[in-house]
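Q: Got a structure here, written out as structure tokens. Questions coming.
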Amino acid sequence: MGDIMKLYNTLTHSVEKFVPIDENEVKMYTCGPTVYHFAHIGNLRTYIFEDILEKSLKFLGYNVKRCMNITDVGHLTSDSDSGEDKMLKGAKREHKTVLQIADYYTEEFKKDCKKLNIRWPDIVSPATKNIDEYIKIISKLLDDGYAYLSGGNVYFDTSKLNDYYVLTNHKEDEMVVGVREGVEEDFNKRNQADFVLWFTKSKFDDQELKWDSPWGYGYPGWHIECSGISIKYLGEYLDIHCGGIDNIFPHHTNEIAQSESYLGHKWCNYWVHGEHLNDQSGKMSKSKGEFLTVSLLESKGYNPLVYRFMCLNSHYRKVLVFSYDILDNMQQAYSKLKSRISNLGNEEDSSDTDKYMNEFKEALADDLNTSLAITIVYDVLKSDLTNAKKKYLIKKFDEVLSLNLVDEDEKVHELDEYIKKQIELRNNAKKEKDFALADQIRNELLEKGIILKDTREGTKYEVK
């Protein structure tokens, strides 16, 4: 075990020291995508922060086992289990089966994760592979009086709980029918906050994926999937559960209700949520404006890691505003940073590097202060350390940042070759006593942010 991580816990509404249940293994669950369309970069901000959390924990000495679901059935557009089924919507749009849609967009999501250096979790399980687990949990909830049958569906009875709104501090009379537009009240419910565990009757008479159950032919509600998959693969006690802040209510609220009623004890100790990515007009979503995907950014000439760099320059609990101007600035800063690192050479030396290593760990342990962690990268580059020590530190830091800082991409290599060629032309001009040309070359490079320094060992350059 290494440095102690401090995290903001939505459950207690405060930053707390992280104490795992079993110090030999941190059990971490992250809500996965609903695979009915490409992930937009707002979705992916959440997965970037979860990736940083997992890698930070490992860097600080914790052993982490992470599980994620793939929602390939039962995710409805509205939070009160009405509206339009997203998977069915995707299937109709593309004239494919629901499972074909799910397989295709799962692979596309996986590609996006790879482009953003998001590590694929240890355990990834589609919702459709765990139907028996949901049936087992729902059956016990019915037996124990936490659930009831009404209108052909099985509902969780929230009136049985004293602290249903533990994550949000809601009061029941403040509860609206749903938190998204177009929500219709379900009159089969005993209480407006109750939610569906299993559907046999719904407005989707053409629902494609259905299974036999003790309550009839049907399919699971969205919320039961994460509880079932987490308990099945990580056990009855969970250290960390992550997601975007829009998952807090009702999804995570309902997960706590059903999981703890089923298990009979506290389920998860730390709930960690990432803020939204907004555009200039507000929250970014698939239904608004230009559908911003990783592929779209690539088509406009951006390296996907520039978006990761942009996310890490902000705190995961702060709203991040997206614009192409901001991304352009980040792309320029990222290219310059990589260019500076490429000049450090290939040698590495780990001696006398504790000061900066400890500072970096402290930044990560301080509720994932990634912007400070990146500042420490710049501090290392500006320091009096040898290039070999700088190279060692930045290579270690990049195990968490995952920005390919020490891997020269083609653009950095091309820039290096261009500058070296210009230096050679300038040196030849100086030999020929053509000082006007030599000055012209220096000034042209300076306009591009490239500073030449004449030393005894020859001409060096620095990218500002």
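We label chains A, B, ... in the order they appear in the structure tokens, count residues from 1 in each chain, and number ligands from 1 in the order shown.
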Got a sec: who's within 7 Å of stretch 111-123 of chain A, counting only C-alpha atoms, leaving out chain neighbours fewer than 6 positions off, as a list in words?

A: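 Result of the neighbour search: Ile48, Asp51, Lys65, Arg66, Cys67, Met68, Val294, Pro304, Leu305, Arg308 and Ser402 of chain A.
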
Q: Can you pull out every residue within 7 Å of A:Ala91, counting only C-alpha atoms, but drop anything in the same chain fewer than 6 positions away, and send it as an MDAnalysis selection string?

A: chainID A and resid 97:98 101

Q: As a VMD selection string, list the residues of stretch 244-450 of chain A assigned to strand (DSSP E) by DSSP on the backbone atoms of this structure.

A: chain A and resid 244 268 to 274 277 to 279 282 to 283 320 to 321 450

Q: One number please: atom CA of A:Thr200 to atom CA of A:Trp222, in Å, one decimal.

A: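 Those two atoms sit 13.8 Å apart.
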
Q: Considering only C-alpha atoms, give me a table of residues in stretch 84-178 of chain A that are at most 7 Å from stretch 247-253 of chain A, with the closest atom pair and distance in Å for each, as JSON lines.

A:
```
{"residue": "A:Tyr164", "atom": "CA", "partner": "A:Thr253", "partner_atom": "CA", "distance": 7.0}
{"residue": "A:Tyr165", "atom": "CA", "partner": "A:Thr253", "partner_atom": "CA", "distance": 6.6}
{"residue": "A:Leu167", "atom": "CA", "partner": "A:Thr253", "partner_atom": "CA", "distance": 6.3}
```

Q: Go ahead and write the residues just picked, C-alpha atoms, as a PDB file, in the first residue's frame.

A:
```pdb
ATOM      1  CA  TYR A 164     -33.803   6.207  -0.259  1.00  0.00           C
ATOM      2  CA  TYR A 165     -32.441   9.677  -1.152  1.00  0.00           C
ATOM      3  CA  LEU A 167     -27.043  10.241  -2.425  1.00  0.00           C
TER       4      LEU A 167
END
```

Q: Just checking: using only C-alpha atoms, which residue out of A:Ile52, A:Leu445, A:Leu7, A:Ala373 ends up closest to A:Glu462?

A: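 Of all the options, A:Leu445 lies closest to A:Glu462.
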
Q: Give me the residues within 6 Å of A:Leu277 as an mmCIF file with N, CA and C atoms, in the first residue's frame, counting only C-alpha atoms and dropping any in the same chain fewer than 5 places off.

A:
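Contents of selection.cif, as written:
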```cif
data_model
loop_
_atom_site.group_PDB
_atom_site.id
_atom_site.type_symbol
_atom_site.label_atom_id
_atom_site.label_comp_id
_atom_site.auth_asym_id
_atom_site.auth_seq_id
_atom_site.Cartn_x
_atom_site.Cartn_y
_atom_site.Cartn_z
ATOM 1 N N GLY A 42 -18.577 13.938 -24.521
ATOM 2 C CA GLY A 42 -19.071 14.184 -23.168
ATOM 3 C C GLY A 42 -19.135 12.895 -22.371
ATOM 4 N N VAL A 319 -17.365 21.461 -14.140
ATOM 5 C CA VAL A 319 -17.913 21.478 -15.500
ATOM 6 C C VAL A 319 -16.813 21.933 -16.458
ATOM 7 N N LEU A 320 -16.646 21.215 -17.546
ATOM 8 C CA LEU A 320 -15.642 21.564 -18.554
ATOM 9 C C LEU A 320 -16.375 22.056 -19.796
ATOM 10 N N VAL A 321 -16.000 23.220 -20.274
ATOM 11 C CA VAL A 321 -16.643 23.784 -21.468
ATOM 12 C C VAL A 321 -15.801 23.474 -22.690
#
```

Q: Which is closer to A:Phe18 than all the others in A:Phe360, A:His223, A:Lys318, A:Asp239, using only C-alpha atoms?

A: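 Looking only at the distances to A:Phe18, the closest residue turns out to be A:Asp239.
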
Q: Skip stretch 378-388 of chain A itself and residues of its chain fewer than 2 positions away, then list as a PyMOL selection string all residues within 6 Å of it, counting only C-alpha atoms.

A: chain A and resi 344+347-349+375-376+390-391

Q: Would you mind telling me which residue in A:Tyr36, A:Trp271, A:Tyr356, A:Phe291 lies nearest to A:Ile374 when using only C-alpha atoms?

A: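 Comparing A:Tyr36, A:Trp271, A:Tyr356, A:Phe291 against A:Ile374, the winner is A:Tyr356.
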
Q: For the alpha helix (DSSP H) assignment from backbone DSSP, which residues of stretch 10-160 of chain A qualify? Please present them as a ChimeraX atom specification.

A: /A:41-59,86-94,98-115,131-143

Q: What's the separation between atom CA of A:Ser139 and atom CA of A:Thr71, in Å to one decimal place?

A: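 Result for atom CA of A:Ser139 versus atom CA of A:Thr71: 21.7 Å, one decimal.
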
Q: What gap, in Å, lies between atom CA of A:Val377 and atom CA of A:Asp398?

A: 9.4 Å

Q: Produce a table with one row for each residue of stretch 159-267 of chain A that has an atom at most 10 Å from any atom of stretch 30-33 of chain A, each row naming the nearest atom pair and its distance in Å at one decimal; use only C-alpha atoms; arrange rows by chain and rising residue number; format as a Markdown table.

A:
```
| residue | atom | partner | partner_atom | distance |
| --- | --- | --- | --- | --- |
| A:Glu225 | CA | A:Cys31 | CA | 9.9 |
| A:Cys226 | CA | A:Cys31 | CA | 7.1 |
| A:Ser230 | CA | A:Thr30 | CA | 9.1 |
| A:Ile240 | CA | A:Thr30 | CA | 8.4 |
| A:His241 | CA | A:Thr30 | CA | 5.8 |
| A:Cys242 | CA | A:Thr30 | CA | 4.8 |
| A:Gly243 | CA | A:Cys31 | CA | 5.7 |
| A:Gly244 | CA | A:Cys31 | CA | 8.6 |
| A:Asn247 | CA | A:Cys31 | CA | 8.7 |
| A:His251 | CA | A:Cys31 | CA | 9.9 |
| A:His252 | CA | A:Cys31 | CA | 9.5 |
```

Q: The selected residues should be written to file as a short mmCIF file (atom, residue, chain, number, x, y, z; two decimals), in the first residue's frame (atoms: C-alpha atoms).

A:
```cif
data_model
loop_
_atom_site.label_atom_id
_atom_site.label_comp_id
_atom_site.auth_asym_id
_atom_site.auth_seq_id
_atom_site.Cartn_x
_atom_site.Cartn_y
_atom_site.Cartn_z
CA GLU A 225 -28.30 -4.66 -14.36
CA CYS A 226 -25.47 -2.78 -12.61
CA SER A 230 -21.31 -5.80 -9.71
CA ILE A 240 -15.75 2.45 -5.30
CA HIS A 241 -18.63 3.00 -7.71
CA CYS A 242 -18.16 5.62 -10.44
CA GLY A 243 -20.21 7.36 -13.09
CA GLY A 244 -21.26 10.74 -14.42
CA ASN A 247 -26.24 8.85 -12.92
CA HIS A 251 -29.74 5.25 -11.43
CA HIS A 252 -27.23 5.09 -8.57
#
```

Q: If you count only C-alpha atoms, which residues fall within 12 Å of A:Glu424, apart from same-chain ones fewer than 4 positions away, as a PyMOL selection string?

A: chain A and resi 417-420+428-431+438+441-442+452+458-460

Q: Counting only C-alpha atoms, what is within 8 Å of stretch 187-192 of chain A, bar same-chain residues fewer than 2 positions away, as a list in words?

A: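 The residues that qualify are Ser150, Gly151, Tyr155, Asp157, Thr158, Ser159, Val177, Glu185, Asp194 and Phe195 of chain A.
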